[in-house]
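Trainee: Contents of upload_22.cif (mmCIF, C-alpha atoms) are given next:
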data_run
loop_
_atom_site.label_atom_id
_atom_site.label_comp_id
_atom_site.auth_asym_id
_atom_site.auth_seq_id
_atom_site.Cartn_x
_atom_site.Cartn_y
_atom_site.Cartn_z
CA MET Z 17 21.79 -24.69 -9.03
CA GLN Z 18 23.80 -22.08 -10.89
CA PHE Z 19 26.97 -20.63 -9.55
CA LYS Z 20 26.65 -16.87 -9.03
CA ASP Z 21 29.48 -14.51 -9.73
CA TYR Z 22 29.12 -11.93 -6.99
CA TYR Z 23 32.09 -9.92 -8.25
CA GLU Z 24 30.44 -9.55 -11.63
CA MET Z 25 27.16 -8.50 -10.01
CA LEU Z 26 28.88 -5.62 -8.26
CA GLY Z 27 31.14 -4.92 -11.24
CA VAL Z 28 34.36 -5.19 -9.25
CA PRO Z 29 37.55 -7.19 -9.88
CA ARG Z 30 38.35 -10.28 -7.79
CA ASP Z 31 41.01 -8.44 -5.86
CA ALA Z 32 38.86 -5.39 -5.08
CA SER Z 33 39.49 -3.82 -1.69
CA ALA Z 34 36.75 -3.69 0.94
CA ASP Z 35 36.41 0.02 0.22
CA ALA Z 36 36.01 -0.53 -3.51
CA ILE Z 37 33.30 -3.12 -2.84
CA LYS Z 38 31.49 -0.79 -0.51
CA LYS Z 39 31.65 2.01 -3.06
CA ALA Z 40 30.38 -0.17 -5.90
CA PHE Z 41 27.55 -1.48 -3.69
CA ARG Z 42 26.46 2.02 -2.76
CA GLN Z 43 26.47 3.25 -6.32
CA LEU Z 44 24.35 0.32 -7.46
CA ALA Z 45 22.05 0.55 -4.43
CA ARG Z 46 21.34 4.13 -5.39
CA LYS Z 47 20.85 3.28 -9.05
CA TYR Z 48 18.46 0.40 -8.41
CA HIS Z 49 16.49 1.66 -5.42
CA PRO Z 50 13.06 0.19 -6.28
CA ASP Z 51 11.18 3.38 -5.41
CA VAL Z 52 13.45 5.61 -7.43
CA SER Z 53 14.83 3.61 -10.32
CA LYS Z 54 13.07 3.60 -13.68
CA ALA Z 55 14.63 0.25 -14.62
CA PRO Z 56 11.90 -2.38 -14.98
CA ASP Z 57 13.98 -5.03 -13.19
CA ALA Z 58 15.12 -2.71 -10.40
CA GLU Z 59 13.67 -4.85 -7.63
CA ALA Z 60 15.33 -8.04 -8.87
CA ARG Z 61 18.64 -6.25 -9.41
CA MET Z 62 18.47 -4.79 -5.91
CA LYS Z 63 18.07 -8.28 -4.43
CA GLU Z 64 21.12 -9.50 -6.35
CA ILE Z 65 23.16 -6.52 -5.28
CA ASN Z 66 22.17 -7.00 -1.63
CA GLU Z 67 23.07 -10.65 -1.84
CA ALA Z 68 26.44 -10.01 -3.50
CA ASN Z 69 27.20 -7.40 -0.88
CA ALA Z 70 26.18 -9.70 1.97
CA VAL Z 71 28.90 -12.10 0.79
CA LEU Z 72 31.67 -9.81 -0.40
CA SER Z 73 31.45 -7.30 2.45
CA ASP Z 74 31.82 -10.05 5.04
CA PRO Z 75 35.46 -11.18 5.26
CA GLU Z 76 34.56 -14.70 6.40
CA ARG Z 77 32.02 -15.32 3.68
CA ARG Z 78 34.20 -13.70 1.07
CA ALA Z 79 37.16 -15.90 1.95
CA ALA Z 80 35.03 -19.03 1.69
CA TYR Z 81 33.52 -17.86 -1.58
CA ASP Z 82 36.94 -17.03 -3.03
CA GLN Z 83 37.96 -20.58 -2.20
CA LEU Z 84 35.20 -21.87 -4.50
CA LEU Z 85 36.38 -19.55 -7.28
CA ALA Z 86 39.92 -20.79 -6.78
CA ARG Z 87 38.62 -24.33 -7.30
CA GLY Z 88 37.32 -23.30 -10.69
CA ALA Z 89 33.65 -22.47 -10.09
CA ARG Z 90 32.39 -19.92 -12.61
CA GLY Z 91 29.25 -17.80 -12.90
CA GLY Z 92 26.35 -19.43 -14.75
CA GLN Z 93 27.74 -22.96 -14.43
CA GLU Z 94 25.84 -25.76 -12.82
CA PHE Z 95 27.17 -26.03 -9.33
CA GLU Z 96 27.00 -28.26 -6.29
CA PRO Z 97 29.04 -27.23 -3.29
CA PRO Z 98 31.80 -29.81 -2.80
CA PRO Z 99 31.38 -31.76 0.44
CA GLY Z 100 33.08 -30.05 3.31
CA TRP Z 101 33.86 -27.06 1.12
CA ASP Z 102 33.66 -24.73 4.06
CA ALA Z 103 35.96 -26.74 6.30
CA GLY Z 104 38.52 -24.52 7.83
CA PHE Z 105 36.36 -21.45 7.69
CA GLU Z 106 34.65 -20.15 10.70
CA PHE Z 107 31.44 -18.30 10.38
CA SER Z 108 30.51 -16.23 13.34
CA GLY Z 109 26.97 -15.81 12.11
CA ARG Z 110 26.73 -12.22 13.09
CA GLY Z 111 24.87 -11.53 9.89
CA SER Z 112 22.44 -8.68 9.97
CA ASP Z 113 20.79 -9.93 6.84
CA ALA Z 114 17.27 -8.74 7.37
CA ASP Z 115 16.70 -9.31 3.66
CA ALA Z 116 18.15 -12.80 3.66
CA ALA Z 117 14.72 -14.28 3.00
CA ASP Z 118 15.00 -12.72 -0.48
CA PHE Z 119 18.37 -14.22 -1.24
CA SER Z 120 18.88 -16.98 -3.80
CA ASP Z 121 19.03 -20.74 -3.29
CA PHE Z 122 22.71 -20.45 -4.10
CA PHE Z 123 23.26 -18.14 -1.15
CA ALA Z 124 21.18 -20.24 1.22
CA GLU Z 125 22.98 -23.40 0.18
CA LEU Z 126 26.39 -21.90 0.88
CA PHE Z 127 25.77 -19.63 3.78
CA GLY Z 128 22.36 -20.62 5.06
CA ARG Z 129 23.83 -22.06 8.19
CA MET Z 130 25.76 -19.03 9.17
CA GLY Z 131 23.23 -16.59 10.25
CA GLY Z 132 21.64 -15.61 7.00
CA ALA Z 133 18.79 -17.98 6.81
CA ALA Z 134 17.86 -19.23 10.19
CA GLY Z 135 19.13 -16.24 11.91
CA ALA Z 136 21.53 -15.53 14.69
CA ARG Z 137 19.43 -12.51 15.25
CA GLY Z 138 19.27 -10.99 18.67
CA ALA Z 139 15.56 -11.46 19.06
CA GLY Z 140 14.29 -14.88 19.96
CA PHE Z 141 17.72 -16.25 20.55
CA GLY Z 142 18.03 -18.15 23.75
CA ALA Z 143 19.42 -21.28 25.25
CA GLN Z 144 16.66 -23.46 26.51
CA SER Z 145 17.47 -26.90 27.81
CA GLY Z 146 20.96 -26.32 26.47
CA GLY Z 147 19.89 -26.46 22.83
CA PHE Z 148 20.05 -23.93 20.04
CA ARG Z 149 16.90 -21.93 19.62
CA ALA Z 150 16.12 -19.17 17.22
CA ARG Z 151 12.81 -17.73 16.23
CA GLY Z 152 12.12 -18.24 12.53
CA GLU Z 153 12.71 -15.49 10.05
CA ASP Z 154 9.85 -13.12 9.23
CA HIS Z 155 9.00 -12.90 5.58
CA HIS Z 156 7.89 -9.80 3.78
CA ALA Z 157 6.14 -10.09 0.47
CA LYS Z 158 4.11 -7.79 -1.72
CA ILE Z 159 0.86 -8.92 -3.24
CA LEU Z 160 -0.74 -7.26 -6.18
CA LEU Z 161 -4.53 -7.17 -6.17
CA ALA Z 162 -7.11 -5.76 -8.53
CA ILE Z 163 -9.22 -2.94 -7.13
CA GLU Z 164 -12.23 -5.23 -7.50
CA ASP Z 165 -10.62 -7.55 -4.93
CA ALA Z 166 -10.97 -4.88 -2.26
CA PHE Z 167 -14.75 -5.18 -2.70
CA LEU Z 168 -15.04 -8.91 -3.17
CA GLY Z 169 -12.05 -10.39 -1.38
CA ALA Z 170 -9.48 -12.51 -3.19
CA ARG Z 171 -7.58 -15.73 -2.96
CA ARG Z 172 -3.88 -15.63 -3.75
CA GLN Z 173 -1.07 -18.12 -3.68
CA VAL Z 174 2.11 -16.95 -2.04
CA SER Z 175 5.30 -18.94 -2.49
CA LEU Z 176 7.86 -18.81 0.26
CA ARG Z 177 11.25 -20.38 0.36
CA ALA Z 178 12.20 -21.26 3.84
CA PRO Z 179 15.39 -22.95 4.98
CA GLU Z 180 15.00 -26.14 6.95
CA LEU Z 181 17.57 -28.35 8.58
CA ASP Z 182 17.79 -31.96 7.45
CA PRO Z 183 18.87 -34.70 9.90
CA GLN Z 184 22.53 -34.15 8.96
CA GLY Z 185 22.24 -30.52 9.90
CA ARG Z 186 22.41 -29.34 6.32
CA VAL Z 187 20.28 -26.42 5.29
CA LEU Z 188 17.74 -27.23 2.64
CA LEU Z 189 15.54 -24.66 1.01
CA LYS Z 190 11.98 -25.77 0.89
CA THR Z 191 9.36 -23.97 -1.12
CA ARG Z 192 6.02 -23.69 0.54
CA THR Z 193 2.96 -22.46 -1.25
CA LEU Z 194 0.40 -20.79 0.90
CA ASP Z 195 -3.14 -20.27 -0.22
CA VAL Z 196 -4.24 -17.03 1.36
CA GLN Z 197 -7.78 -15.79 1.47
CA ILE Z 198 -7.75 -12.01 1.57
CA PRO Z 199 -11.01 -10.66 2.94
CA LYS Z 200 -12.73 -7.68 1.39
CA GLY Z 201 -11.87 -4.26 2.72
CA VAL Z 202 -8.13 -4.22 2.07
CA ARG Z 203 -6.49 -0.91 1.34
CA GLU Z 204 -3.45 0.16 -0.65
CA GLY Z 205 -0.29 -0.23 1.41
CA GLN Z 206 -2.01 -2.23 4.14
CA LEU Z 207 0.02 -4.91 5.84
CA ILE Z 208 -1.55 -8.24 6.51
CA ARG Z 209 0.21 -10.24 9.16
CA LEU Z 210 -0.04 -14.00 9.10
CA ALA Z 211 1.34 -15.08 12.43
CA GLY Z 212 3.54 -18.15 12.38
CA GLN Z 213 3.65 -18.41 8.56
CA GLY Z 214 7.24 -17.26 8.12
CA SER Z 215 10.23 -19.54 8.42
CA PRO Z 216 10.06 -22.30 11.01
CA GLY Z 217 11.98 -21.66 14.21
CA MET Z 218 14.96 -23.71 15.28
CA GLY Z 219 14.82 -25.82 18.38
CA ASN Z 220 11.46 -25.22 19.95
CA ALA Z 221 11.39 -21.57 19.03
CA PRO Z 222 8.30 -20.21 17.33
CA ALA Z 223 8.09 -19.67 13.59
CA GLY Z 224 8.42 -16.20 12.15
CA ASP Z 225 5.52 -14.25 10.72
CA LEU Z 226 4.57 -13.50 7.17
CA PHE Z 227 3.79 -9.91 6.30
CA LEU Z 228 1.96 -9.22 3.06
CA GLU Z 229 1.93 -5.68 1.75
CA VAL Z 230 -1.10 -4.97 -0.41
CA HIS Z 231 -0.83 -3.05 -3.64
CA PHE Z 232 -3.44 -2.49 -6.30
CA GLU Z 233 -2.86 -2.85 -10.01
CA PRO Z 234 -3.54 0.37 -11.90
CA HIS Z 235 -7.10 0.39 -13.19
CA PRO Z 236 -8.28 2.28 -16.28
CA ARG Z 237 -11.35 3.58 -14.51
CA TYR Z 238 -10.87 3.45 -10.76
CA ALA Z 239 -8.28 4.70 -8.31
CA VAL Z 240 -8.15 4.25 -4.56
CA HIS Z 241 -7.11 6.69 -1.90
CA GLY Z 242 -7.16 5.15 1.56
CA ARG Z 243 -10.65 3.66 1.71
CA ASP Z 244 -12.05 6.09 -0.84
CA LEU Z 245 -12.73 5.00 -4.37
CA ARG Z 246 -12.23 7.66 -7.01
CA MET Z 247 -13.46 7.78 -10.56
CA GLU Z 248 -14.49 10.17 -13.26
CA LEU Z 249 -18.14 10.65 -14.03
CA PRO Z 250 -18.64 11.53 -17.71
CA VAL Z 251 -21.88 13.46 -18.23
CA ALA Z 252 -23.68 15.10 -21.14
CA PRO Z 253 -23.92 18.92 -21.11
CA TRP Z 254 -27.69 18.82 -20.53
CA GLU Z 255 -27.26 16.39 -17.61
CA ALA Z 256 -24.78 18.79 -16.06
CA ALA Z 257 -26.93 21.85 -16.75
CA LEU Z 258 -30.32 20.48 -15.81
CA GLY Z 259 -29.39 17.91 -13.23
CA ALA Z 260 -29.97 14.20 -13.71
CA VAL Z 261 -29.86 10.82 -12.08
CA VAL Z 262 -26.97 8.93 -13.71
CA PRO Z 263 -25.92 5.30 -13.31
CA VAL Z 264 -22.41 4.59 -11.98
CA GLN Z 265 -20.80 1.21 -12.52
CA LEU Z 266 -19.12 -0.05 -9.31
CA PRO Z 267 -16.09 -2.36 -9.23
CA HIS Z 268 -18.00 -5.28 -7.74
CA GLY Z 269 -20.49 -5.23 -10.59
CA GLY Z 270 -23.35 -3.31 -9.03
CA THR Z 271 -24.76 -0.08 -10.34
CA LEU Z 272 -25.37 2.95 -8.22
CA LYS Z 273 -27.74 5.76 -9.19
CA VAL Z 274 -26.23 9.12 -8.42
CA ARG Z 275 -28.11 12.40 -8.44
CA LEU Z 276 -26.21 15.05 -10.29
CA PRO Z 277 -27.28 18.53 -9.12
CA ALA Z 278 -28.35 21.07 -11.73
CA GLY Z 279 -25.58 23.40 -12.82
CA ALA Z 280 -22.71 20.97 -12.07
CA GLN Z 281 -19.55 22.13 -13.78
CA GLY Z 282 -16.73 19.93 -15.04
CA GLY Z 283 -14.16 19.19 -12.33
CA ARG Z 284 -16.71 19.31 -9.53
CA THR Z 285 -16.46 16.45 -7.06
CA LEU Z 286 -19.44 14.52 -5.79
CA ARG Z 287 -19.05 12.39 -2.71
CA VAL Z 288 -21.25 9.39 -2.08
CA ARG Z 289 -20.87 8.33 1.53
CA GLY Z 290 -20.17 4.71 2.33
CA GLU Z 291 -19.81 3.47 -1.25
CA GLY Z 292 -16.00 3.18 -1.21
CA ILE Z 293 -13.99 0.21 -0.01
CA PRO Z 294 -15.99 -1.77 2.55
CA GLY Z 295 -14.99 -1.55 6.18
CA ASP Z 296 -16.04 -0.06 9.46
CA PRO Z 297 -16.51 2.70 8.56
CA PRO Z 298 -16.57 2.11 4.80
CA GLY Z 299 -14.87 4.59 2.49
CA ASP Z 300 -16.62 7.04 0.20
CA LEU Z 301 -17.05 7.11 -3.54
CA GLU Z 302 -15.61 10.28 -5.05
CA LEU Z 303 -16.86 11.19 -8.48
CA THR Z 304 -15.24 13.94 -10.52
CA VAL Z 305 -17.63 15.37 -13.08
CA ARG Z 306 -16.38 15.51 -16.65
CA VAL Z 307 -18.65 17.17 -19.15
CA VAL Z 308 -18.38 15.45 -22.54
CA LEU Z 309 -19.55 17.41 -25.56
CA PRO Z 310 -21.49 15.68 -28.34
CA LYS Z 311 -19.83 16.04 -31.73
CA ALA Z 312 -21.28 18.58 -34.14
CA ASP Z 313 -21.01 16.13 -37.00
CA THR Z 314 -24.57 16.17 -38.37
CA PRO Z 315 -26.56 19.13 -39.71
CA ARG Z 316 -29.01 18.74 -36.83
CA ALA Z 317 -26.27 18.79 -34.18
CA LYS Z 318 -24.72 21.87 -35.78
CA GLU Z 319 -28.09 23.55 -35.80
CA LEU Z 320 -28.54 22.92 -32.07
CA TYR Z 321 -25.14 24.37 -31.26
CA GLU Z 322 -25.85 27.35 -33.49
CA THR Z 323 -29.14 27.94 -31.72
CA MET Z 324 -27.37 27.94 -28.37
CA ALA Z 325 -24.72 30.28 -29.67
CA ARG Z 326 -27.37 32.66 -30.90
CA GLU Z 327 -29.76 32.55 -28.02
CA LEU Z 328 -27.63 32.06 -24.90
CA PRO Z 329 -25.78 35.14 -23.68
CA PHE Z 330 -22.76 33.09 -22.58
CA ASP Z 331 -19.07 33.89 -22.52
CA PRO Z 332 -16.98 31.12 -20.90
CA ARG Z 333 -14.01 33.54 -20.60
CA ALA Z 334 -15.93 36.31 -18.88
CA MET X 4 1.51 -31.09 5.63
CA ARG X 5 0.92 -27.45 5.55
CA GLU X 6 1.73 -27.24 1.87
CA HIS X 7 -1.67 -26.24 0.64
CA ASP X 8 -3.75 -25.18 3.58
CA LEU X 9 -5.99 -22.26 2.95
CA ILE X 10 -5.09 -19.48 5.32
CA VAL X 11 -7.81 -16.99 5.94
CA ALA X 12 -6.35 -13.60 6.67
CA THR X 13 -8.24 -11.40 9.07
CA LEU X 14 -8.02 -7.67 8.68
CA GLN X 15 -7.56 -5.58 11.72
CA GLU X 16 -7.69 -1.84 11.36
CA ASP X 17 -3.92 -2.10 11.18
CA VAL X 18 -1.24 -4.40 12.47
CA ALA X 19 -0.06 -3.25 15.87
CA LEU X 20 3.42 -4.49 16.64
CA THR X 21 5.13 -4.21 19.99
CA ILE X 22 8.62 -2.80 20.09
CA ASP X 23 10.12 -6.29 20.32
CA GLU X 24 8.16 -7.50 17.31
CA LEU X 25 9.20 -4.45 15.33
CA CYS X 26 12.84 -5.10 16.26
CA ALA X 27 12.59 -8.75 15.22
CA THR X 28 11.05 -8.08 11.86
CA CYS X 29 13.36 -5.18 11.02
CA ALA X 30 16.50 -6.87 12.43
CA VAL X 31 17.32 -3.89 14.61
CA THR X 32 17.99 -3.53 18.32
CA ARG X 33 15.58 -2.11 20.82
CA GLU X 34 17.92 0.79 21.36
CA TRP X 35 17.81 1.59 17.64
CA VAL X 36 14.04 2.01 17.84
CA VAL X 37 14.05 3.90 21.14
CA THR X 38 16.56 6.50 19.94
CA ARG X 39 14.68 7.08 16.71
CA VAL X 40 11.38 7.50 18.51
CA GLN X 41 12.94 9.87 21.03
CA GLU X 42 14.47 11.95 18.27
CA GLY X 43 11.14 12.16 16.50
CA LEU X 44 12.28 10.20 13.44
CA LEU X 45 9.74 7.47 13.99
CA ALA X 46 6.47 8.76 15.38
CA THR X 47 4.52 6.87 17.99
CA GLU X 48 2.36 7.73 20.96
CA ASP X 49 3.75 8.88 24.30
CA GLY X 50 4.47 6.53 27.13
CA ALA X 51 6.98 3.82 27.93
CA PRO X 52 8.45 1.72 25.09
CA GLU X 53 6.38 -1.27 26.28
CA GLN X 54 3.23 0.67 25.49
CA TRP X 55 4.24 1.73 22.00
CA ARG X 56 2.41 0.14 19.09
CA PHE X 57 3.63 0.23 15.52
CA GLY X 58 1.44 -0.01 12.43
CA SER X 59 2.14 -0.79 8.80
CA GLY X 60 3.36 2.73 8.09
CA HIS X 61 5.88 2.50 10.92
CA LEU X 62 7.10 -0.89 9.79
CA ARG X 63 7.62 0.23 6.21
CA ARG X 64 9.37 3.37 7.39
CA ALA X 65 11.61 1.59 9.91
CA ARG X 66 12.72 -0.94 7.30
CA GLU X 67 13.46 1.81 4.82
CA MET X 68 15.43 3.84 7.38
CA ARG X 69 17.43 0.81 8.44
CA ARG X 70 18.23 -0.04 4.81
CA ILE X 71 19.42 3.48 4.04
CA GLU X 72 21.46 3.74 7.22
CA ARG X 73 23.20 0.44 6.52
CA THR X 74 23.67 0.82 2.79
CA PHE X 75 25.07 4.32 2.89
CA ASP X 76 26.35 4.54 6.47
CA ALA X 77 23.85 7.37 6.69
CA ALA X 78 23.09 9.39 9.81
CA PRO X 79 19.64 8.53 11.23
CA GLU X 80 18.35 12.04 10.46
CA LEU X 81 19.37 11.70 6.84
CA ALA X 82 17.79 8.27 6.52
CA ALA X 83 14.59 9.70 8.03
CA LEU X 84 14.68 12.55 5.53
CA VAL X 85 14.98 10.09 2.64
CA ALA X 86 12.10 8.08 4.12
CA ASP X 87 10.01 11.30 4.24
CA LEU X 88 10.76 11.96 0.58
CA LEU X 89 9.96 8.39 -0.46
CA GLU X 90 6.62 8.59 1.36
CA GLU X 91 5.88 11.84 -0.42
CA ILE X 92 6.76 10.35 -3.81
CA ALA X 93 4.48 7.40 -3.12
CA GLN X 94 1.60 9.75 -2.30
CA LEU X 95 2.15 11.87 -5.40
CA ARG X 96 2.38 8.78 -7.60
CA ALA X 97 -0.85 7.46 -6.10
CA ARG X 98 -2.52 10.75 -6.98
CA LEU X 99 -1.40 10.46 -10.59
CA ARG X 100 -3.07 7.11 -11.00
#
Using the file provided, produce a representation of the structure as structure tokens.
Mentor:
Amino acid sequence: MQFKDYYEMLGVPRDASADAIKKAFRQLARKYHPDVSKAPDAEARMKEINEANAVLSDPERRAAYDQLLARGARGGQEFEPPPGWDAGFEFSGRGSDADAADFSDFFAELFGRMGGAAGARGAGFGAQSGGFRARGEDHHAKILLAIEDAFLGARRQVSLRAPELDPQGRVLLKTRTLDVQIPKGVREGQLIRLAGQGSPGMGNAPAGDLFLEVHFEPHPRYAVHGRDLRMELPVAPWEAALGAVVPVQLPHGGTLKVRLPAGAQGGRTLRVRGEGIPGDPPGDLELTVRVVLPKADTPRAKELYETMARELPFDPRA
Amino acid sequence: MREHDLIVATLQEDVALTIDELCATCAVTREWVVTRVQEGLLATEDGAPEQWRFGSGHLRRAREMRRIERTFDAAPELAALVADLLEEIAQLRARLR
């Protein structure tokens, strides 16, 4: 396990005041907000910043952490917490670390016991038969699926690190790999809740839940909007002018024959009911017509265009 | 034992969390949710808090609002405004794809 330099992560000196830490945290939180930042590693940076702030903004944790620095621990070094390192520090465990499930092994090893990992969170906290009980932490994870998976279903492995107590009462992080079968019919942004698959509870309290948020990888041909599947339909000018039955390749491999009405202009949208993402009711397939012109790169092609130019009284700008 | 079990997810139309479940998963108090619903910052149907049900949109929004409030000491209205803007950005980005 590598020692993490939380001061370096926030870019503040070791003797920074609580206000300076708060200010640095806010500036970085703004800079690396995953929905706003253009930085490719924004999400990872945000997790680090949250973690550094969870330690440095909490006087008890900061004091204990400073103690480790005073003993010579340095960022990037291999590190094992010295036995009893936290003796003399009291952790009230009032952490409101809703994101603690994202924090590093280093954090969990040091502070796991104090409210971050197994939660002194209001909910699920209760004394039953005199023992300590706390409902396990919920986990939130994003899964990236291909659009095809919405039609066919998918199987994904999700790795979760959950803190567990060993017989000595030490917190150990255990990685669990879940094999999750995602049925067909999922939509962008949908949450899938897997009850009881979050962190185990303490005492006899129930485990937390796992929430998976579905996102689709960008696809060169398809886009999804709710349950609707959108794509462009390239057509030849004569198909658009005269009407035609054209084949459309669907994400799950099938082909659909779509009737293009005569006189369809580019940009026109055709809606095929029920051919979008499966469900009850299923979504629609939305096709946007794009007229593609053949090149005039042979004498014969030029002649055909010239004939049209001569014989059709047509002004596209009229 | 549970290391490699295959878990088959079932899809409901949407997750429907009770107020207590929403509180637990967002690490907020019940009062936090109630005030924000009453002030119209977090939409849900009428009725008593026990009858409220929260879907994926609510959960995402509540987590975002909580994060902004805590990170920036922001007023709830401001956090809700940022959440509105983030939702709008997400929709516009989806349209670009």
Trainee: Of the residues Z:Ala34, Z:Leu126, Z:Leu161, Z:Leu207, which is the one nearest to Leu72 (chain Z), using all atoms listed in the file?
Mentor: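 Checking each of Z:Ala34, Z:Leu126, Z:Leu161, Z:Leu207 against Leu72 (chain Z), counting all atoms listed in the file, the winner is Z:Ala34.
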Trainee: With the file shown as input, list the residues that the PyMOL selection byres ((chain X) within 6 of (chain Z)) selects, as a JSON list (two decimals) with C-alpha atoms, in the coordinates of the input.
Mentor:
[["chain", "number", "residue", "atom", "x", "y", "z"],
["X", 6, "GLU", "CA", 1.73, -27.24, 1.87],
["X", 7, "HIS", "CA", -1.67, -26.24, 0.64],
["X", 9, "LEU", "CA", -5.99, -22.26, 2.95],
["X", 10, "ILE", "CA", -5.09, -19.48, 5.32],
["X", 11, "VAL", "CA", -7.81, -16.99, 5.94],
["X", 12, "ALA", "CA", -6.35, -13.60, 6.67],
["X", 27, "ALA", "CA", 12.59, -8.75, 15.22],
["X", 28, "THR", "CA", 11.05, -8.08, 11.86],
["X", 30, "ALA", "CA", 16.50, -6.87, 12.43],
["X", 59, "SER", "CA", 2.14, -0.79, 8.80]]
Trainee: Starting from the PyMOL selection byres ((chain X and resi 62) around 12), expand the selection into actual residues of this file and give them as a PyMOL selection string.
Mentor: (chain Z and resi 156+205-209+227-229) or (chain X and resi 17-22+24-31+36+45-47+56-61+63-69+86)
Trainee: Limited to C-alpha atoms, could you put the picked residues into a file as a PDB file, in the frame of the given file?
Mentor:
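Saved to again-v5.pdb:
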ATOM      1  CA  HIS Z 156       7.890  -9.800   3.780  1.00  0.00           C
ATOM      2  CA  GLY Z 205      -0.290  -0.230   1.410  1.00  0.00           C
ATOM      3  CA  GLN Z 206      -2.010  -2.230   4.140  1.00  0.00           C
ATOM      4  CA  LEU Z 207       0.020  -4.910   5.840  1.00  0.00           C
ATOM      5  CA  ILE Z 208      -1.550  -8.240   6.510  1.00  0.00           C
ATOM      6  CA  ARG Z 209       0.210 -10.240   9.160  1.00  0.00           C
ATOM      7  CA  PHE Z 227       3.790  -9.910   6.300  1.00  0.00           C
ATOM      8  CA  LEU Z 228       1.960  -9.220   3.060  1.00  0.00           C
ATOM      9  CA  GLU Z 229       1.930  -5.680   1.750  1.00  0.00           C
TER      10      GLU Z 229
ATOM     11  CA  ASP X  17      -3.920  -2.100  11.180  1.00  0.00           C
ATOM     12  CA  VAL X  18      -1.240  -4.400  12.470  1.00  0.00           C
ATOM     13  CA  ALA X  19      -0.060  -3.250  15.870  1.00  0.00           C
ATOM     14  CA  LEU X  20       3.420  -4.490  16.640  1.00  0.00           C
ATOM     15  CA  THR X  21       5.130  -4.210  19.990  1.00  0.00           C
ATOM     16  CA  ILE X  22       8.620  -2.800  20.090  1.00  0.00           C
ATOM     17  CA  GLU X  24       8.160  -7.500  17.310  1.00  0.00           C
ATOM     18  CA  LEU X  25       9.200  -4.450  15.330  1.00  0.00           C
ATOM     19  CA  CYS X  26      12.840  -5.100  16.260  1.00  0.00           C
ATOM     20  CA  ALA X  27      12.590  -8.750  15.220  1.00  0.00           C
ATOM     21  CA  THR X  28      11.050  -8.080  11.860  1.00  0.00           C
ATOM     22  CA  CYS X  29      13.360  -5.180  11.020  1.00  0.00           C
ATOM     23  CA  ALA X  30      16.500  -6.870  12.430  1.00  0.00           C
ATOM     24  CA  VAL X  31      17.320  -3.890  14.610  1.00  0.00           C
ATOM     25  CA  VAL X  36      14.040   2.010  17.840  1.00  0.00           C
ATOM     26  CA  LEU X  45       9.740   7.470  13.990  1.00  0.00           C
ATOM     27  CA  ALA X  46       6.470   8.760  15.380  1.00  0.00           C
ATOM     28  CA  THR X  47       4.520   6.870  17.990  1.00  0.00           C
ATOM     29  CA  ARG X  56       2.410   0.140  19.090  1.00  0.00           C
ATOM     30  CA  PHE X  57       3.630   0.230  15.520  1.00  0.00           C
ATOM     31  CA  GLY X  58       1.440  -0.010  12.430  1.00  0.00           C
ATOM     32  CA  SER X  59       2.140  -0.790   8.800  1.00  0.00           C
ATOM     33  CA  GLY X  60       3.360   2.730   8.090  1.00  0.00           C
ATOM     34  CA  HIS X  61       5.880   2.500  10.920  1.00  0.00           C
ATOM     35  CA  ARG X  63       7.620   0.230   6.210  1.00  0.00           C
ATOM     36  CA  ARG X  64       9.370   3.370   7.390  1.00  0.00           C
ATOM     37  CA  ALA X  65      11.610   1.590   9.910  1.00  0.00           C
ATOM     38  CA  ARG X  66      12.720  -0.940   7.300  1.00  0.00           C
ATOM     39  CA  GLU X  67      13.460   1.810   4.820  1.00  0.00           C
ATOM     40  CA  MET X  68      15.430   3.840   7.380  1.00  0.00           C
ATOM     41  CA  ARG X  69      17.430   0.810   8.440  1.00  0.00           C
ATOM     42  CA  ALA X  86      12.100   8.080   4.120  1.00  0.00           C
TER      43      ALA X  86
END
Trainee: Given the file shown, enumerate the residues that the PyMOL selection byres ((chain Z and resi 260) around 10) captures and present them as a list in words.
Mentor: Val251, Ala252, Trp254, Glu255, Ala256, Ala257, Leu258, Gly259, Val261, Val262, Pro263, Lys273, Val274, Arg275, Leu276, Pro277 and Ala278 of chain Z
Trainee: Quick one: distance from CA of Ala280 (chain Z) to CA of Gly242 (chain Z) in Å, one decimal?
Mentor: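 Going from CA of Ala280 (chain Z) over to CA of Gly242 (chain Z), I get 26.0 Å.
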Trainee: Can you work out the spacing between CA of Arg284 (chain Z) and CA of Asp313 (chain Z) in Å, to one decimal?
Mentor: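 Separation of CA of Arg284 (chain Z) and CA of Asp313 (chain Z): 28.0 Å.
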